[in-house]
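K.L.:
The structure is given below, and queries will be raised subsequently.
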Amino acid sequence: MKTIYVGLIITVVAASASVYKPPVDVSLYPPFESALAPFYKGDIDHALMVDEGRPHDFDVKRYVIDIEIDDNDETVDGTTTIETVITADGTEEMVFDLGYEFYVGAVRVNGSSASFNHSSGLLTVELAPALDDGTPADVEVDYAGPPAYGMYFAPEAIFTSVEPSDSDHWYPCYDHPSDKAEDGCELFITVDSDFIVASVGLLENVTTPIPGKRTYHWVGTYPIATYLISVAISDYATFSDSWEQMPIDYFVYPSLLDDAMDAYANTPLMLTCFKELYGEYPFKDEKYGMAMAPMGGAMEHQTCTTIDDYWSHPAPEDDWIIAHELAHQWWGDWVTCGTWADIWLNEGFATYSDALFHEYSQGWDAFYNRMQSFKQQYFDEDEEYRFPIYDPDYMWSATVYEKGAWILHMLRHLLGDDDFFGGLRYYGGQHEYDTAVTAELIDDMEAYTGEDLDWFFDEWVYLAGYPEFEYSWTVDRRERSQVFVVIRQIQDLDPLTPVFRTYVDLTADTPSGEETITVWVQDDNEQYNLEFSDTVNELYFDKYGWLLCTVVDSTPVTLDYFEAESVTGGIELSWAVRDSYDVAGFNLYRARAEKKTEPVKINAELITGESPYVYEDKGLISGETYSYMLEAVDFSGATETFGPTTAEAGPALPTEFALAQNAPNPARGVTNFRFALPKPTKAELAVYDMAGRKIATVFDERLEAGEYNVPYEVSLAPGVYVYRLTTETDAAARKFVVVR
């Protein structure tokens with residue numbers, strides 16, 4: 001049940017002393033816009049500086065931030081305590097990140113004053129005496145100044161958004177995700193009493209240190225990365241929901257209270273969805289919350305996402321971004337990328353989770369359409385800028401977000417739902433409340449599934465681009481369930497873009513329903529002979545969209561059949577097509593199958609006409625097996641090849657006219673008349689009595705050249721008869737005897 005709290009709300013925000021400037025002018029970076037690129041998530045210049053973190057001889061345990069925020073002067077003033085443990089004997093100094101714009105008044109280590117140097121954004125604290133491994137070292141820093149980045153003062157709200165590396169512009173820290181504060185964080189945020197402060201964890205209390213001021217005491221007990229600690233401050237209206245006895249707290253502009261209640265309505269359903277997929281919500285002892293701030297997009301601060309008021313449209317019109325940020329509570333907050341080179345472990349996972357919620361709440365079609373939109377966003381970017389998803393050139397890119405989602409989508413299909421989601425839960429459990437890098441994801445998925453996945457991640461994560469496929473297919477005329485398929489990869493290859501290895505689903509439309517055969521593709525030109533259980537009417541390549549690729553059915557015609565048959569004097573080739581309006585004609589290529597000779601074209605001119613087509617290949621070696629390929633040529637000159645089909649050459653054509661003795665002779669029941677024709681002719685075979693009267697006609701028709709054996713059922717009285725074969729140029733006769 002939702003509850004609305006309005007008693008503490010002041011409806012007028014204190015005036016700002018200066019004109020608000022957006023944190024990042026995204027128009028400076030139009031080529032790299034993805035679904036989320038326009039949404040501010042930290043200073044882009046800093047985002048490009050990807051490293052593995054500065055070496056340090058301490059382990060951060062907890063941050064305690066006790067500051068007063070002055071909305072008029074746009075400054076912070078206070079003390080942050082960094083609770084640490086030394087990790088190396090004889091440590092003489094500790095180096096923290098702290099923005100160059102701050103004045104540092106004093107530093108204390110374990111309560112005692114310490115010498116320090118603050119220069120170029122680094123705070124170096126001297127330890128005298130030096131400290132050994134395992135020694136606690138609580139460093140208190142008194143500082144003040146106007147944040148240059150990371151904390152923003154807008155008319156609507158004061159808020160922090162620092163990803164990846166701007167936390168040091170509002171509190172001193174070791175600003176890299178590899179060293180999480182294991183014991184969480186504690187914040188004492190003092191603001192004008194007009195304001196409400198939303199932050200990490202649970203609200204311990206609100207006190208009034210002096211008239212006109214309030215101090216909000218928030219406590220987060222779970223391990224946390226520096227960029228996930230946040231505050232959002234405004235004259236919020238608040239309302240709450242619940243999920244499995246856990247509070248969901250919302251902090252919104254008073255004028256948008258009703259809109260936000262509609263827009264955020266699906267949050268409990270999202271929590272249920274992601275719990276089923278990934279396991280328990282990681283911060284269930286605290287809360288989930290969202291706080292409005294004018295940031296353009298949203299940012300997954302631990303237990304309290306900061307979100308722009310733009311996303312206040314009624315659900316589910318724009319609540320995909322809510323799903324995205326909520327999913328980060330698992331992938332980004334629970335398990336945090338160990339380096340910024342591994343940012344796709346945060347953003348690719350959250351982007352795919354948005355699509356998975358579409359599937360969960362709206363069905364397959366909504367999920368499919370969402371994935372197709374991701375594909376197009378990535379294709380648009382990749383057309384101009386191609387780089388690997390690991391250690392990307394641009395962190396907030398479609399390559400990281402949308403391609404990252406597709407990598408997971410393909411892995412899901414490769415492994416199946418049980419192994420895929422089970423593997424993700426295993427990966428999460430191995431690194432819960434800690435960090436992970438891509439190599440650890442691979443190891444964990446392999447350990448859980450027993451599959452070798454290096455080949456998959458090598459090409460999709462460490463290389464770049466995607467496969468571009470052309471395919472064609474031919475149904476065997478006699479066995480309509482048999483299909484010959486050619487698959488080619490036609491993408492331009494370079495050091496980043498390989499010939500991809502992948503599984504491909506080929507789905508046949510048959511009278512008894514759909515049937516799918518999965519084939520393995522590893523070369524740029526692959527051929528398959530497939531056997532389905534019923535007649536194939538249509539064949540689809542990756543019909544249900546599991547591959548990040550482009551696909552062109554390059555068959556210029558739909559070929560019903562292409563076959564070869566042994567005939568006297570050679571081999572007869574026949575084929576039939578549908579939808580051949582764009583085909584100029586056909587070529588036939590022959591090779592001697594047993595000799596493995598190179599194919600040669602056997603027709604002098606394009607074979608044209610109407611379907612079905614028949615072509616006789618004469619002058620072959622009788623008994624030799626020949627292989628044929630059929631080439632369709634369209635009016636632009638483009639070609640597509642079908643086959644092979646094979647047959648044994650029939651006996652050679654006779655060179656002379658001949659009429660042999662019938663057999664058996666004498667005849668009883670059925671006898672066979674045998675003869676040879678060296679050329680096509682009109683022919684008659686008739687039976688005469690000994691008086692020369694015609695008493696029966698066996699046949700009278702036009703015949704092709706060849707050797708014939710014509711059966712004749714004898715119904716004559718016993719005696720002696722004559723059979724005579726007459727053609728346009730020759731004639732011959734023989735006697736035969738009929739007995740009882």
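Every chain in the structure tokens takes a letter, A first, then B, and so on in the order presented; its residues are numbered from 1, and the ligands are numbered from 1 following the presented order.
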Could you please write out, as number ranges by chain, every residue of region 219-450 of chain A that DSSP assigns to strand (DSSP E)?
P.N.:
A: 219-220, 231-234, 237-243, 246-252, 288-292, 298-299, 304-307, 335-337, 434-436
K.L.:
Any chance you could export the current selection's N, CA and C atoms as a compact mmCIF listing (two decimals), in the first residue's frame?
P.N.:
# COMPACT_ATOMS: atom_id res chain seq x y z
N VAL A 219 22.76 6.05 6.67
CA VAL A 219 23.73 4.99 6.94
C VAL A 219 23.55 3.86 5.93
N GLY A 220 24.63 3.57 5.22
CA GLY A 220 24.65 2.41 4.33
C GLY A 220 25.62 1.39 4.86
N VAL A 231 24.11 12.08 -2.93
CA VAL A 231 23.06 12.85 -2.28
C VAL A 231 22.21 13.51 -3.36
N ALA A 232 20.94 13.68 -3.08
CA ALA A 232 20.03 14.46 -3.91
C ALA A 232 19.18 15.30 -2.97
N ILE A 233 19.12 16.59 -3.23
CA ILE A 233 18.56 17.54 -2.25
C ILE A 233 17.58 18.46 -2.96
N SER A 234 16.36 18.54 -2.42
CA SER A 234 15.36 19.45 -2.98
C SER A 234 14.22 19.58 -1.98
N ALA A 237 8.53 16.23 -2.43
CA ALA A 237 7.39 15.49 -1.90
C ALA A 237 7.81 14.03 -1.91
N THR A 238 7.42 13.30 -0.89
CA THR A 238 7.85 11.91 -0.81
C THR A 238 6.65 10.99 -0.75
N PHE A 239 6.81 9.82 -1.34
CA PHE A 239 5.81 8.77 -1.15
C PHE A 239 6.54 7.44 -1.15
N SER A 240 5.86 6.42 -0.63
CA SER A 240 6.52 5.13 -0.46
C SER A 240 5.64 4.00 -0.97
N ASP A 241 6.31 2.95 -1.38
CA ASP A 241 5.68 1.67 -1.72
C ASP A 241 6.43 0.62 -0.92
N SER A 242 6.06 -0.61 -1.06
CA SER A 242 6.80 -1.66 -0.37
C SER A 242 6.87 -2.88 -1.27
N TRP A 243 7.86 -3.70 -1.00
CA TRP A 243 8.04 -4.96 -1.73
C TRP A 243 8.65 -5.96 -0.78
N MET A 246 10.08 -4.66 2.31
CA MET A 246 11.16 -3.68 2.16
C MET A 246 10.58 -2.38 1.63
N PRO A 247 11.00 -1.23 2.18
CA PRO A 247 10.46 0.03 1.68
C PRO A 247 11.03 0.42 0.32
N ILE A 248 10.19 1.02 -0.49
CA ILE A 248 10.61 1.68 -1.73
C ILE A 248 10.24 3.15 -1.55
N ASP A 249 11.23 4.00 -1.45
CA ASP A 249 11.01 5.41 -1.13
C ASP A 249 11.29 6.28 -2.34
N TYR A 250 10.37 7.22 -2.59
CA TYR A 250 10.50 8.10 -3.74
C TYR A 250 10.57 9.55 -3.27
N PHE A 251 11.45 10.32 -3.92
CA PHE A 251 11.65 11.73 -3.62
C PHE A 251 11.45 12.49 -4.93
N VAL A 252 10.35 13.23 -5.03
CA VAL A 252 9.97 13.82 -6.32
C VAL A 252 9.60 15.29 -6.14
N TYR A 288 15.06 0.35 -1.53
CA TYR A 288 15.33 0.89 -2.85
C TYR A 288 14.61 2.21 -2.93
N GLY A 289 15.24 3.19 -3.58
CA GLY A 289 14.63 4.50 -3.69
C GLY A 289 14.99 5.18 -4.99
N MET A 290 14.27 6.25 -5.30
CA MET A 290 14.58 7.09 -6.45
C MET A 290 14.35 8.54 -6.06
N ALA A 291 15.29 9.40 -6.50
CA ALA A 291 15.20 10.82 -6.19
C ALA A 291 15.36 11.63 -7.47
N MET A 292 14.48 12.58 -7.68
CA MET A 292 14.53 13.40 -8.89
C MET A 292 15.65 14.42 -8.82
N ALA A 298 19.54 9.07 -15.75
CA ALA A 298 19.43 8.51 -14.41
C ALA A 298 20.76 7.89 -14.04
N MET A 299 20.96 7.69 -12.74
CA MET A 299 22.22 7.11 -12.25
C MET A 299 21.93 6.19 -11.08
N CYS A 304 19.56 4.12 -4.02
CA CYS A 304 18.81 5.37 -4.26
C CYS A 304 19.20 5.94 -5.62
N THR A 305 18.51 5.51 -6.66
CA THR A 305 18.77 6.00 -8.01
C THR A 305 18.39 7.47 -8.12
N THR A 306 19.25 8.24 -8.79
CA THR A 306 18.91 9.62 -9.12
C THR A 306 18.36 9.63 -10.54
N ILE A 307 17.20 10.29 -10.74
CA ILE A 307 16.50 10.19 -12.01
C ILE A 307 15.92 11.53 -12.41
N VAL A 335 27.62 -6.41 -7.71
CA VAL A 335 28.88 -6.79 -8.37
C VAL A 335 29.30 -5.60 -9.23
N THR A 336 30.43 -5.00 -8.91
CA THR A 336 30.88 -3.78 -9.56
C THR A 336 32.04 -4.10 -10.50
N CYS A 337 32.04 -3.46 -11.65
CA CYS A 337 33.16 -3.68 -12.57
C CYS A 337 34.47 -3.33 -11.87
N ASP A 434 31.41 -7.18 -4.15
CA ASP A 434 32.82 -7.01 -4.49
C ASP A 434 32.89 -6.56 -5.95
N THR A 435 34.03 -6.75 -6.55
CA THR A 435 34.21 -6.35 -7.95
C THR A 435 34.53 -7.58 -8.80
N ALA A 436 34.38 -7.42 -10.11
CA ALA A 436 34.71 -8.48 -11.06
C ALA A 436 35.19 -7.86 -12.35
K.L.:
I want to know what sits within 9 Å of region 517-520 of chain A, based on only C-alpha atoms, with residues of the same chain fewer than 3 positions away left out; could you give that as a list in words?
P.N.:
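Residues near the query, excluding close chain neighbours: Arg501, Thr502, Tyr503, Val504, Asp505, Leu506, Thr507, Ala508, Tyr528, Leu530, Glu531 and Phe532 of chain A.
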K.L.:
Please save C-alpha atoms of the selected residues as a short mmCIF file (atom, residue, chain, number, x, y, z; two decimals), in the first residue's frame.
P.N.:
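Listing of selection-v9.cif after writing:
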data_model
loop_
_atom_site.label_atom_id
_atom_site.label_comp_id
_atom_site.auth_asym_id
_atom_site.auth_seq_id
_atom_site.Cartn_x
_atom_site.Cartn_y
_atom_site.Cartn_z
CA ARG A 501 32.26 -18.43 -35.34
CA THR A 502 28.70 -18.93 -34.23
CA TYR A 503 25.65 -21.15 -34.15
CA VAL A 504 22.83 -20.23 -36.53
CA ASP A 505 19.19 -21.34 -36.29
CA LEU A 506 17.66 -22.30 -39.65
CA THR A 507 13.90 -22.53 -39.24
CA ALA A 508 11.78 -24.30 -41.85
CA TYR A 528 25.01 -27.67 -45.56
CA LEU A 530 19.88 -30.51 -44.14
CA GLU A 531 17.14 -33.08 -43.61
CA PHE A 532 13.85 -31.84 -42.14
#
K.L.:
For Trp311 (chain A), list every protein, DNA or RNA residue within 12 Å, evaluated using only C-alpha atoms, and leave out those in the same chain fewer than 6 positions away; present the list as a list in words.
P.N.:
Phe39, Val252, Leu256, Asp259, Ala260, Met261, Asp262, Ala263, Tyr264, Met290, Ala291, Met292, Ala293, Pro294, Met295, Gly296, Gly297, Ala298, Glu317, Asp318, Asp319, Trp320, Ile321, Ile322 and Ala323 of chain A
K.L.:
With only C-alpha atoms as the counted atoms, please give the residues lying no more than 10 Å from Arg54 (chain A), apart from itself and same-chain residues fewer than 6 positions off, as a list in words.
P.N.:
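Near Arg54 (chain A), the qualifying residues are Val95, Phe96, Tyr174, Asp175, His176 and Ser178 of chain A.
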K.L.:
If you keep N, CA and C atoms, can you produce a file of those selected residues as an mmCIF file, in the first residue's frame?
P.N.:
data_model
loop_
_atom_site.group_PDB
_atom_site.id
_atom_site.type_symbol
_atom_site.label_atom_id
_atom_site.label_comp_id
_atom_site.auth_asym_id
_atom_site.auth_seq_id
_atom_site.Cartn_x
_atom_site.Cartn_y
_atom_site.Cartn_z
ATOM 1 N N VAL A 95 47.890 8.140 -0.321
ATOM 2 C CA VAL A 95 47.511 9.116 -1.345
ATOM 3 C C VAL A 95 46.033 8.920 -1.682
ATOM 4 N N PHE A 96 45.274 10.022 -1.557
ATOM 5 C CA PHE A 96 43.850 10.011 -1.852
ATOM 6 C C PHE A 96 43.556 10.990 -2.986
ATOM 7 N N TYR A 174 39.598 7.209 -2.205
ATOM 8 C CA TYR A 174 40.377 6.512 -3.226
ATOM 9 C C TYR A 174 39.383 6.229 -4.344
ATOM 10 N N ASP A 175 39.464 7.012 -5.425
ATOM 11 C CA ASP A 175 38.362 7.097 -6.385
ATOM 12 C C ASP A 175 38.530 6.100 -7.527
ATOM 13 N N HIS A 176 38.342 4.839 -7.207
ATOM 14 C CA HIS A 176 38.400 3.795 -8.225
ATOM 15 C C HIS A 176 37.547 2.623 -7.742
ATOM 16 N N SER A 178 37.858 -0.473 -7.853
ATOM 17 C CA SER A 178 38.531 -1.690 -7.397
ATOM 18 C C SER A 178 38.627 -1.795 -5.881
#
K.L.:
Restricting the calculation to only C-alpha atoms, which member of A:Ser115, A:Gln377, A:Asn72, A:Ser622 is positioned closest to Pro651 (chain A)?
P.N.:
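Closest to Pro651 (chain A) of all the choices is A:Ser622.
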K.L.:
Taking only C-alpha atoms into account, name the residue in A:Tyr216, A:Tyr462, A:Trp344, A:Tyr544 that is nearest to Asn369 (chain A).
P.N.:
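The shortest atom-to-atom distance to Asn369 (chain A) comes from A:Tyr544.
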K.L.:
Please identify all polymer residues within 9 Å of Cys173 (chain A), counting only C-alpha atoms, omitting same-chain residues fewer than 5 positions from it, and present them as a ChimeraX atom specification.
P.N.:
/A:60,63,80,82,96-98,167-168,226
K.L.:
Next, the residues of the selection above should be written as a PDB file, in the first residue's frame with C-alpha atoms.
P.N.:
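Below is the file part_6.pdb, written as the result:
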ATOM      1  CA  VAL A  60      39.247   1.325   2.463  1.00  0.00           C
ATOM      2  CA  TYR A  63      33.585   6.558   4.388  1.00  0.00           C
ATOM      3  CA  THR A  80      35.254  13.238   5.663  1.00  0.00           C
ATOM      4  CA  ILE A  82      38.272   7.523   5.480  1.00  0.00           C
ATOM      5  CA  PHE A  96      43.850  10.011  -1.852  1.00  0.00           C
ATOM      6  CA  ASP A  97      41.901  11.796  -4.551  1.00  0.00           C
ATOM      7  CA  LEU A  98      40.525  15.230  -3.689  1.00  0.00           C
ATOM      8  CA  SER A 167      33.684  11.489  -6.400  1.00  0.00           C
ATOM      9  CA  ASP A 168      36.792  13.388  -5.306  1.00  0.00           C
ATOM     10  CA  THR A 226      32.948   5.604  -4.371  1.00  0.00           C
TER      11      THR A 226
END
K.L.:
Just the number, please: distance in Å from CA of Ser119 (chain A) to CA of Pro147 (chain A), one decimal.
P.N.:
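Distance reported for this atom pair: 15.7 Å.
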K.L.:
From the DSSP assignment of the backbone, select every residue of region 109-349 of chain A that is alpha helix (DSSP H), and format the answer as a ChimeraX atom specification.
P.N.:
/A:257-263,267-278,320-327,344-349
K.L.:
Next, the residues of the selection above should be written as a CSV table (one decimal), in the first residue's frame with N, CA and C atoms.
P.N.:
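Okay, out.csv is ready:
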chain,number,residue,atom,x,y,z
A,257,LEU,N,4.1,15.0,-8.3
A,257,LEU,CA,3.8,13.9,-7.4
A,257,LEU,C,2.9,12.8,-8.0
A,258,ASP,N,1.7,13.3,-8.6
A,258,ASP,CA,0.8,12.4,-9.2
A,258,ASP,C,1.4,11.6,-10.4
A,259,ASP,N,2.1,12.4,-11.2
A,259,ASP,CA,2.7,11.8,-12.4
A,259,ASP,C,3.7,10.7,-12.0
A,260,ALA,N,4.5,11.0,-11.0
A,260,ALA,CA,5.5,10.0,-10.5
A,260,ALA,C,4.9,8.8,-10.0
A,261,MET,N,3.8,8.9,-9.3
A,261,MET,CA,3.1,7.8,-8.7
A,261,MET,C,2.7,6.8,-9.8
A,262,ASP,N,2.3,7.4,-10.9
A,262,ASP,CA,1.9,6.5,-12.1
A,262,ASP,C,3.2,6.0,-12.7
A,263,ALA,N,4.1,6.8,-12.9
A,263,ALA,CA,5.3,6.4,-13.7
A,263,ALA,C,6.1,5.4,-13.0
A,267,THR,N,7.7,-0.5,-10.3
A,267,THR,CA,9.0,-0.8,-9.6
A,267,THR,C,8.9,-2.1,-8.8
A,268,PRO,N,7.8,-2.4,-8.1
A,268,PRO,CA,7.8,-3.7,-7.3
A,268,PRO,C,7.8,-4.9,-8.3
A,269,LEU,N,7.1,-4.7,-9.4
A,269,LEU,CA,7.1,-5.8,-10.4
A,269,LEU,C,8.5,-6.1,-11.0
A,270,MET,N,9.2,-5.0,-11.2
A,270,MET,CA,10.6,-5.1,-11.6
A,270,MET,C,11.5,-5.8,-10.6
A,271,LEU,N,11.3,-5.5,-9.3
A,271,LEU,CA,12.0,-6.2,-8.3
A,271,LEU,C,11.8,-7.7,-8.3
A,272,THR,N,10.5,-8.0,-8.5
A,272,THR,CA,10.1,-9.4,-8.6
A,272,THR,C,10.8,-10.1,-9.8
A,273,CYS,N,10.7,-9.4,-10.9
A,273,CYS,CA,11.3,-10.0,-12.1
A,273,CYS,C,12.8,-10.2,-11.9
A,274,PHE,N,13.6,-9.2,-11.4
A,274,PHE,CA,15.0,-9.4,-11.3
A,274,PHE,C,15.4,-10.4,-10.2
A,275,LYS,N,14.6,-10.5,-9.1
A,275,LYS,CA,14.8,-11.5,-8.1
A,275,LYS,C,14.7,-12.9,-8.7
A,276,GLU,N,13.7,-13.1,-9.6
A,276,GLU,CA,13.5,-14.4,-10.2
A,276,GLU,C,14.7,-14.7,-11.1
A,277,LEU,N,15.2,-13.7,-11.8
A,277,LEU,CA,16.3,-13.9,-12.8
A,277,LEU,C,17.6,-14.0,-12.1
A,278,TYR,N,17.9,-13.1,-11.1
A,278,TYR,CA,19.3,-12.9,-10.6
A,278,TYR,C,19.5,-13.3,-9.2
A,320,TRP,N,11.3,1.9,-18.9
A,320,TRP,CA,12.5,1.1,-19.2
A,320,TRP,C,13.7,1.6,-18.5
A,321,ILE,N,13.8,2.9,-18.3
A,321,ILE,CA,15.0,3.4,-17.6
A,321,ILE,C,15.0,3.1,-16.1
A,322,ILE,N,13.8,3.0,-15.6
A,322,ILE,CA,13.7,2.6,-14.2
A,322,ILE,C,14.2,1.1,-14.1
A,323,ALA,N,13.8,0.3,-15.0
A,323,ALA,CA,14.3,-1.1,-15.0
A,323,ALA,C,15.8,-1.1,-15.2
A,324,HIS,N,16.3,-0.3,-16.0
A,324,HIS,CA,17.8,-0.3,-16.3
A,324,HIS,C,18.5,0.0,-15.0
A,325,GLU,N,18.1,1.1,-14.3
A,325,GLU,CA,18.8,1.5,-13.1
A,325,GLU,C,18.6,0.6,-12.0
A,326,LEU,N,17.4,0.0,-11.9
A,326,LEU,CA,17.2,-0.9,-10.8
A,326,LEU,C,18.0,-2.2,-11.0
A,327,ALA,N,18.2,-2.6,-12.2
A,327,ALA,CA,19.0,-3.8,-12.5
A,327,ALA,C,20.5,-3.6,-12.1
A,344,TRP,N,31.3,-2.6,-19.5
A,344,TRP,CA,30.1,-3.3,-20.1
A,344,TRP,C,29.5,-4.3,-19.1
A,345,LEU,N,30.3,-4.7,-18.1
A,345,LEU,CA,29.7,-5.6,-17.0
A,345,LEU,C,28.6,-4.9,-16.2
A,346,ASN,N,28.7,-3.6,-16.2
A,346,ASN,CA,27.6,-2.8,-15.6
A,346,ASN,C,26.5,-2.5,-16.6
A,347,GLU,N,26.9,-1.8,-17.7
A,347,GLU,CA,26.0,-1.2,-18.6
A,347,GLU,C,25.3,-2.2,-19.5
A,348,GLY,N,26.1,-3.1,-20.1
A,348,GLY,CA,25.5,-4.1,-20.9
A,348,GLY,C,24.5,-5.0,-20.2
A,349,PHE,N,24.8,-5.3,-18.9
A,349,PHE,CA,23.9,-6.1,-18.1
A,349,PHE,C,22.6,-5.4,-17.8
K.L.:
Which one of A:Ala265, A:Ala88, A:Val162, A:Ile487 sits closest to Asp523 (chain A) if you count only C-alpha atoms?
P.N.:
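Distance minimum relative to Asp523 (chain A) lands on A:Ile487.
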K.L.:
Which polymer residues have any atom within 9 Å of an atom of Val687 (chain A), counting only C-alpha atoms, with same-chain residues fewer than 5 positions away left out, as a count of residues only?
P.N.:
10
K.L.:
Write out as a PyMOL selection string which residues come within 8 Å of Phe500 (chain A) when counting only C-alpha atoms, dropping same-chain ones fewer than 6 positions away.
P.N.:
chain A and resi 459+466-467+521-523
K.L.:
Which is closer to Met410 (chain A) than all the others in A:Gly545, A:Pro511, A:Pro146, A:Gly134, using only C-alpha atoms?
P.N.:
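Once distances to Met410 (chain A) are computed over only C-alpha atoms, the minimum belongs to A:Gly545.
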K.L.:
Give the answer as one residue: which of A:Leu573, A:Ile158, A:Val191, A:Ala106 has the shortest atom-to-atom distance to Gly212 (chain A), using only C-alpha atoms?
P.N.:
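Nearest to Gly212 (chain A): A:Val191.
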K.L.:
Using only C-alpha atoms, find the one residue out of A:Ser715, A:Gly643, A:Asp634, A:Trp460 that sits nearest to Gly669 (chain A).
P.N.:
A:Ser715
K.L.:
Grab the CA of Asp534 (chain A) to CA of Glu479 (chain A) distance for me, in Å with one decimal place.
P.N.:
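Distance between the two atoms: 9.2 Å.
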K.L.:
Please report the interatomic distance between CA of Val739 (chain A) and CA of Pro666 (chain A) in Å with one decimal.
P.N.:
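Between these atoms lies a distance of 6.4 Å.
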